[in-house]
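One structure is given here, and the rest of the page talks about it.
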Amino acid sequence: MSPDPASPTTSAHHGRDTLQGGPATEVRCMVMRGGTSKGLYFLAEDLPADPAARDALLLRLMGSPDARQIDGLGGAHPLTSKVAVVSPRPDGGVDYLFLQVSVDEATVSDRQNCGNILAGIGPFAVERGLVPGRDGTTEVVIHMVNTGSVARARVTTPAGRVAYEGDAEIAGVPGTAAPVVLDYQGTAGSSCGALFPTGNRIDTFAGVEVTCVDNGMPVVVIDAAALGVEGTEEPATLEADAELCAAVEAVRLEAGVAMGLGDVSETTVPKVCLVAPARGGGTFNTRCFIPKRVHEAIGVFAGASVAVAWQVPGTVVAGLSGDHEAAETRVEHPTGHTDLVVEVDSGDAPESGRSSASGEPTVLVTGSVRTARKLMDGIAFA
């Protein structure tokens, strides 16, 4: 019999036999939708401490490597093959390690954050008792282990219990849910060490002009027209264009080195985002390679990084039509839009009253409203 999901466990352990006759590994797990992604949420104490053993377990749980992930919990897409590992901190907050489990390769990467899975960390921390729920709203301080940045999540908790039902709506997710309000600190340069990692606002890689930016996610920003596309195509159409995909990857490989990330041929960062003028009343339109597939929406931190490039003069998208000054940013994507608040001191315009003393761009505010939902809580078998 499987252990009670509510009972504490200290590590992955062996349980009933598999059909092959060997012992199965049981581990306590919660499946959650966070933003426009879905993943497995674990307490760190419930996973092996050794990273290699942990990653091997996660590959088995997800069913990777296999394009269908038929023998695991993964959803056969990078957006549904994600993992959150959470642990308490002495200061009352929590640590959050994000892991991207490859669908068709036996790899697990910790080289990026995920702002969508982040949306579920606050509710998960309250559910697991890491942070006591307060009547009304509970604030959870989340330390993102991957990059060292911090987020504050405000979770709806009537009578101290997490509420998932509400009126907040985000594009790419059916229906409505309770809002999770997220404010981010220390996102600028969190992966690469600088907001503009190459030291330039425009670089040329593989013959294409780009802007490399890191406001929580390393992103290579390209004017979609520079690659001969509208930037409004369906993800499947872009993925089927072999010439386009080869051009995007060639740019990404050169940019990765210049951004200080080294050889990125086997990693998930940087992302490459094609940007075009908004078509549906938003601030700008995007198609984001992550990096092989095209995102059905856009990652929160990828959107926040592109928003910086949009607001700062002298980038490859600074000349595209649209409002380049508003902090409230509506990022259009294939399934709708994502609303962010990104305020940047461009460092270029003393007359605007927003020029930094150093003359370099500074991110003042990054925030978003997302939703999350608990889908399953129990024991997973590997």
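Naming works like this for the structure tokens: A, B, ... for the chains as they're shown, residue 1 at the start of each chain, ligands 1 onward in shown order.
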Please provide as number ranges by chain all residues within 12 Å of Ala240 of chain A, with the sequence filter that same-chain residues fewer than 6 positions apart are discarded (counting only C-alpha atoms).
A: 233-234, 246, 292-294
Distance table requested - segment 188-288 of chain A against segment 316-320 of chain A, cut-off 7 Å, only C-alpha atoms: one row per qualifying residue with the closest atom pair and its distance in Å to one decimal, ordered by chain and rising residue number, as a Markdown table.
```
| residue | atom | partner | partner_atom | distance |
| --- | --- | --- | --- | --- |
| A:Ile202 | CA | A:Val316 | CA | 6.3 |
| A:Glu209 | CA | A:Val316 | CA | 6.9 |
| A:Val210 | CA | A:Val316 | CA | 6.0 |
| A:Thr211 | CA | A:Val316 | CA | 5.9 |
| A:Ile222 | CA | A:Val316 | CA | 6.6 |
| A:Asp223 | CA | A:Val317 | CA | 5.9 |
| A:Pro277 | CA | A:Leu320 | CA | 6.1 |
```
Let's have the selection written as a PDB file, in the first residue's frame, with N, CA, C and O atoms.
```pdb
ATOM      1  N   ILE A 202      23.441  46.351 -29.322  1.00  0.00           N
ATOM      2  CA  ILE A 202      23.268  45.623 -30.576  1.00  0.00           C
ATOM      3  C   ILE A 202      24.555  44.872 -30.887  1.00  0.00           C
ATOM      4  O   ILE A 202      25.646  45.437 -30.798  1.00  0.00           O
ATOM      5  N   GLU A 209      21.490  41.027 -36.764  1.00  0.00           N
ATOM      6  CA  GLU A 209      21.582  41.969 -35.653  1.00  0.00           C
ATOM      7  C   GLU A 209      20.658  41.531 -34.522  1.00  0.00           C
ATOM      8  O   GLU A 209      19.488  41.190 -34.745  1.00  0.00           O
ATOM      9  N   VAL A 210      21.188  41.549 -33.292  1.00  0.00           N
ATOM     10  CA  VAL A 210      20.430  41.087 -32.131  1.00  0.00           C
ATOM     11  C   VAL A 210      20.713  41.998 -30.946  1.00  0.00           C
ATOM     12  O   VAL A 210      21.688  42.756 -30.938  1.00  0.00           O
ATOM     13  N   THR A 211      19.871  41.873 -29.935  1.00  0.00           N
ATOM     14  CA  THR A 211      20.138  42.461 -28.620  1.00  0.00           C
ATOM     15  C   THR A 211      20.108  41.340 -27.594  1.00  0.00           C
ATOM     16  O   THR A 211      19.128  40.596 -27.513  1.00  0.00           O
ATOM     17  N   ILE A 222      15.489  39.443 -31.403  1.00  0.00           N
ATOM     18  CA  ILE A 222      15.657  39.681 -32.840  1.00  0.00           C
ATOM     19  C   ILE A 222      14.387  40.315 -33.392  1.00  0.00           C
ATOM     20  O   ILE A 222      13.268  39.878 -33.061  1.00  0.00           O
ATOM     21  N   ASP A 223      14.532  41.326 -34.218  1.00  0.00           N
ATOM     22  CA  ASP A 223      13.411  41.854 -34.987  1.00  0.00           C
ATOM     23  C   ASP A 223      12.988  40.749 -35.956  1.00  0.00           C
ATOM     24  O   ASP A 223      13.776  40.287 -36.783  1.00  0.00           O
ATOM     25  N   PRO A 277       5.827  44.358 -34.103  1.00  0.00           N
ATOM     26  CA  PRO A 277       4.837  45.280 -33.537  1.00  0.00           C
ATOM     27  C   PRO A 277       3.578  44.532 -33.092  1.00  0.00           C
ATOM     28  O   PRO A 277       3.217  43.495 -33.653  1.00  0.00           O
TER      29      PRO A 277
END
```
Per-residue DSSP, segment 25-233 of chain A, filtered to alpha helix (DSSP H), as number ranges by chain
A: 51-62, 115-118, 121-127
Option closest in space to Gly115 of chain A, from A:Leu182, A:Val219, A:Val145, A:Ile170 [counting only C-alpha atoms]:
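Once distances to Gly115 of chain A are computed over only C-alpha atoms, the minimum belongs to A:Leu182.
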Could you give me, as JSON lines, a per-residue list for segment 231-329 of chain A showing, wherever an atom lies at most 12 Å from an atom of segment 98-111 of chain A, the closest pair of atoms and their distance in Å to one decimal, using only C-alpha atoms and sorting by chain then residue number from low to high?
```
{"residue": "A:Leu261", "atom": "CA", "partner": "A:Arg111", "partner_atom": "CA", "distance": 9.4}
{"residue": "A:Gly262", "atom": "CA", "partner": "A:Arg111", "partner_atom": "CA", "distance": 11.8}
{"residue": "A:Val264", "atom": "CA", "partner": "A:Arg111", "partner_atom": "CA", "distance": 10.3}
{"residue": "A:Glu266", "atom": "CA", "partner": "A:Thr107", "partner_atom": "CA", "distance": 8.8}
{"residue": "A:Thr267", "atom": "CA", "partner": "A:Ser109", "partner_atom": "CA", "distance": 7.0}
{"residue": "A:Thr268", "atom": "CA", "partner": "A:Ser109", "partner_atom": "CA", "distance": 7.4}
{"residue": "A:Val269", "atom": "CA", "partner": "A:Arg111", "partner_atom": "CA", "distance": 7.0}
{"residue": "A:Pro270", "atom": "CA", "partner": "A:Arg111", "partner_atom": "CA", "distance": 9.4}
{"residue": "A:Lys271", "atom": "CA", "partner": "A:Arg111", "partner_atom": "CA", "distance": 11.6}
{"residue": "A:Ile290", "atom": "CA", "partner": "A:Gln100", "partner_atom": "CA", "distance": 11.1}
{"residue": "A:Pro291", "atom": "CA", "partner": "A:Ser102", "partner_atom": "CA", "distance": 11.5}
{"residue": "A:Lys292", "atom": "CA", "partner": "A:Ser102", "partner_atom": "CA", "distance": 11.1}
{"residue": "A:Arg293", "atom": "CA", "partner": "A:Val103", "partner_atom": "CA", "distance": 11.2}
```
Which residue out of A:Gly228, A:Gly120, A:Gly175, A:Pro132 has the minimum interatomic distance to Phe42 of chain A when only C-alpha atoms are used?
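Using only C-alpha atoms, the shortest distance to Phe42 of chain A belongs to A:Gly120.
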Can you check which residues of segment 123-253 of chain A DSSP gives as strand (DSSP E) on the backbone and send them as a PyMOL selection string?
chain A and resi 136-144+150-157+179-185+203-205+208-214+218-223
With N, CA, C and O atoms retained, could you export that selection as a compact mmCIF listing (two decimals), in the first residue's frame?
```
# COMPACT_ATOMS: atom_id res chain seq x y z
N GLY A 136 -6.62 35.51 4.75
CA GLY A 136 -6.70 36.56 3.73
C GLY A 136 -5.65 36.38 2.66
O GLY A 136 -5.90 35.80 1.60
N THR A 137 -4.44 36.87 2.94
CA THR A 137 -3.33 36.78 1.98
C THR A 137 -2.06 36.41 2.72
O THR A 137 -1.79 36.93 3.81
N THR A 138 -1.29 35.51 2.14
CA THR A 138 -0.01 35.10 2.73
C THR A 138 1.12 35.47 1.78
O THR A 138 1.07 35.14 0.59
N GLU A 139 2.13 36.17 2.29
CA GLU A 139 3.29 36.50 1.48
C GLU A 139 4.36 35.44 1.70
O GLU A 139 4.69 35.08 2.83
N VAL A 140 4.90 34.94 0.59
CA VAL A 140 5.97 33.95 0.63
C VAL A 140 7.19 34.54 -0.07
O VAL A 140 7.10 34.95 -1.23
N VAL A 141 8.31 34.60 0.65
CA VAL A 141 9.55 35.10 0.07
C VAL A 141 10.29 33.91 -0.53
O VAL A 141 10.62 32.95 0.18
N ILE A 142 10.55 33.99 -1.83
CA ILE A 142 11.10 32.85 -2.58
C ILE A 142 12.48 33.21 -3.09
O ILE A 142 12.65 34.18 -3.86
N HIS A 143 13.47 32.45 -2.69
CA HIS A 143 14.84 32.63 -3.15
C HIS A 143 15.08 31.66 -4.31
O HIS A 143 15.02 30.44 -4.13
N MET A 144 15.34 32.20 -5.50
CA MET A 144 15.52 31.38 -6.69
C MET A 144 16.96 30.91 -6.76
O MET A 144 17.88 31.68 -7.05
N VAL A 150 15.34 37.03 -6.03
CA VAL A 150 14.30 36.82 -5.02
C VAL A 150 12.95 37.28 -5.56
O VAL A 150 12.87 38.28 -6.30
N ALA A 151 11.90 36.55 -5.22
CA ALA A 151 10.54 36.96 -5.56
C ALA A 151 9.69 36.95 -4.30
O ALA A 151 9.90 36.13 -3.40
N ARG A 152 8.73 37.85 -4.26
CA ARG A 152 7.72 37.84 -3.20
C ARG A 152 6.39 37.49 -3.83
O ARG A 152 5.93 38.19 -4.74
N ALA A 153 5.80 36.40 -3.36
CA ALA A 153 4.52 35.95 -3.89
C ALA A 153 3.43 36.21 -2.87
O ALA A 153 3.58 35.87 -1.69
N ARG A 154 2.35 36.81 -3.32
CA ARG A 154 1.18 37.01 -2.46
C ARG A 154 0.10 36.02 -2.89
O ARG A 154 -0.42 36.09 -4.01
N VAL A 155 -0.21 35.11 -1.96
CA VAL A 155 -1.10 34.00 -2.23
C VAL A 155 -2.43 34.21 -1.49
O VAL A 155 -2.44 34.60 -0.32
N THR A 156 -3.53 33.94 -2.16
CA THR A 156 -4.86 34.06 -1.55
C THR A 156 -5.08 32.89 -0.59
O THR A 156 -5.07 31.72 -1.00
N THR A 157 -5.29 33.20 0.71
CA THR A 157 -5.39 32.15 1.72
C THR A 157 -6.51 32.45 2.73
O THR A 157 -6.24 32.79 3.89
N PRO A 179 -5.55 34.89 -8.14
CA PRO A 179 -4.30 35.51 -8.59
C PRO A 179 -3.15 35.20 -7.65
O PRO A 179 -3.32 35.06 -6.44
N VAL A 180 -1.96 35.07 -8.23
CA VAL A 180 -0.70 35.02 -7.47
C VAL A 180 0.10 36.23 -7.93
O VAL A 180 0.54 36.28 -9.08
N VAL A 181 0.24 37.21 -7.06
CA VAL A 181 0.94 38.45 -7.40
C VAL A 181 2.42 38.27 -7.08
O VAL A 181 2.78 37.92 -5.94
N LEU A 182 3.27 38.51 -8.07
CA LEU A 182 4.70 38.26 -7.93
C LEU A 182 5.49 39.54 -8.17
O LEU A 182 5.31 40.22 -9.18
N ASP A 183 6.35 39.87 -7.23
CA ASP A 183 7.30 40.97 -7.37
C ASP A 183 8.70 40.39 -7.33
O ASP A 183 9.02 39.59 -6.44
N TYR A 184 9.53 40.79 -8.29
CA TYR A 184 10.86 40.20 -8.43
C TYR A 184 11.93 41.20 -8.03
O TYR A 184 11.84 42.39 -8.31
N GLN A 185 12.99 40.68 -7.40
CA GLN A 185 14.13 41.50 -7.01
C GLN A 185 15.40 40.83 -7.49
O GLN A 185 15.55 39.61 -7.43
N ASP A 203 24.41 43.60 -31.22
CA ASP A 203 25.51 42.77 -31.70
C ASP A 203 25.07 42.11 -33.00
O ASP A 203 23.88 42.06 -33.31
N THR A 204 26.03 41.60 -33.73
CA THR A 204 25.72 40.84 -34.93
C THR A 204 26.29 39.44 -34.79
O THR A 204 27.50 39.26 -34.59
N PHE A 205 25.41 38.45 -34.85
CA PHE A 205 25.80 37.04 -34.76
C PHE A 205 25.21 36.28 -35.93
O PHE A 205 24.02 36.44 -36.24
N VAL A 208 23.13 38.31 -38.29
CA VAL A 208 21.85 38.88 -37.86
C VAL A 208 22.08 39.83 -36.69
O VAL A 208 22.77 39.49 -35.73
N GLU A 209 21.49 41.03 -36.76
CA GLU A 209 21.58 41.97 -35.65
C GLU A 209 20.66 41.53 -34.52
O GLU A 209 19.49 41.19 -34.74
N VAL A 210 21.19 41.55 -33.29
CA VAL A 210 20.43 41.09 -32.13
C VAL A 210 20.71 42.00 -30.95
O VAL A 210 21.69 42.76 -30.94
N THR A 211 19.87 41.87 -29.94
CA THR A 211 20.14 42.46 -28.62
C THR A 211 20.11 41.34 -27.59
O THR A 211 19.13 40.60 -27.51
N CYS A 212 21.19 41.21 -26.83
CA CYS A 212 21.28 40.19 -25.79
C CYS A 212 20.97 40.84 -24.45
O CYS A 212 21.60 41.84 -24.08
N VAL A 213 20.00 40.27 -23.72
CA VAL A 213 19.54 40.89 -22.48
C VAL A 213 19.22 39.81 -21.46
O VAL A 213 18.81 38.70 -21.81
N ASP A 214 19.41 40.13 -20.18
CA ASP A 214 19.15 39.19 -19.09
C ASP A 214 18.47 39.92 -17.94
O ASP A 214 19.12 40.52 -17.10
N PRO A 218 18.27 34.79 -19.77
CA PRO A 218 19.10 35.22 -20.90
C PRO A 218 18.31 35.05 -22.21
O PRO A 218 17.86 33.94 -22.52
N VAL A 219 18.14 36.14 -22.92
CA VAL A 219 17.35 36.13 -24.15
C VAL A 219 18.09 36.86 -25.26
O VAL A 219 18.69 37.92 -25.02
N VAL A 220 18.05 36.30 -26.44
CA VAL A 220 18.55 36.94 -27.64
C VAL A 220 17.34 37.49 -28.39
O VAL A 220 16.49 36.73 -28.86
N VAL A 221 17.26 38.80 -28.47
CA VAL A 221 16.10 39.46 -29.06
C VAL A 221 16.41 39.80 -30.52
O VAL A 221 17.45 40.38 -30.82
N ILE A 222 15.49 39.44 -31.40
CA ILE A 222 15.66 39.68 -32.84
C ILE A 222 14.39 40.31 -33.39
O ILE A 222 13.27 39.88 -33.06
N ASP A 223 14.53 41.33 -34.22
CA ASP A 223 13.41 41.85 -34.99
C ASP A 223 12.99 40.75 -35.96
O ASP A 223 13.78 40.29 -36.78
```
Pick out the residues sitting within 7 Å of Gly166 of chain A, and hand them over as a ChimeraX atom specification; count only C-alpha atoms, and ignore anything fewer than 4 positions along from it in its own chain.
/A:176-179
Output for the residues just chosen: all heavy atoms as a compact mmCIF listing (two decimals), in the first residue's frame:
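Below is the file selection_1.txt, written as the result:
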```txt
# COMPACT_ATOMS: atom_id res chain seq x y z
N THR A 176 -10.66 30.76 -15.11
CA THR A 176 -10.09 31.73 -14.19
C THR A 176 -9.60 31.02 -12.93
O THR A 176 -9.93 29.87 -12.68
CB THR A 176 -11.12 32.80 -13.80
OG1 THR A 176 -12.22 32.16 -13.11
CG2 THR A 176 -11.64 33.54 -15.03
N ALA A 177 -8.80 31.75 -12.15
CA ALA A 177 -8.25 31.18 -10.91
C ALA A 177 -7.87 32.32 -9.98
O ALA A 177 -7.92 33.50 -10.36
CB ALA A 177 -7.03 30.30 -11.21
N ALA A 178 -7.49 31.97 -8.76
CA ALA A 178 -7.05 32.98 -7.81
C ALA A 178 -5.73 33.58 -8.27
O ALA A 178 -4.85 32.87 -8.75
CB ALA A 178 -6.88 32.36 -6.42
N PRO A 179 -5.55 34.89 -8.14
CA PRO A 179 -4.30 35.51 -8.59
C PRO A 179 -3.15 35.20 -7.65
O PRO A 179 -3.32 35.06 -6.44
CB PRO A 179 -4.63 37.00 -8.56
CG PRO A 179 -5.68 37.13 -7.50
CD PRO A 179 -6.50 35.87 -7.58
```
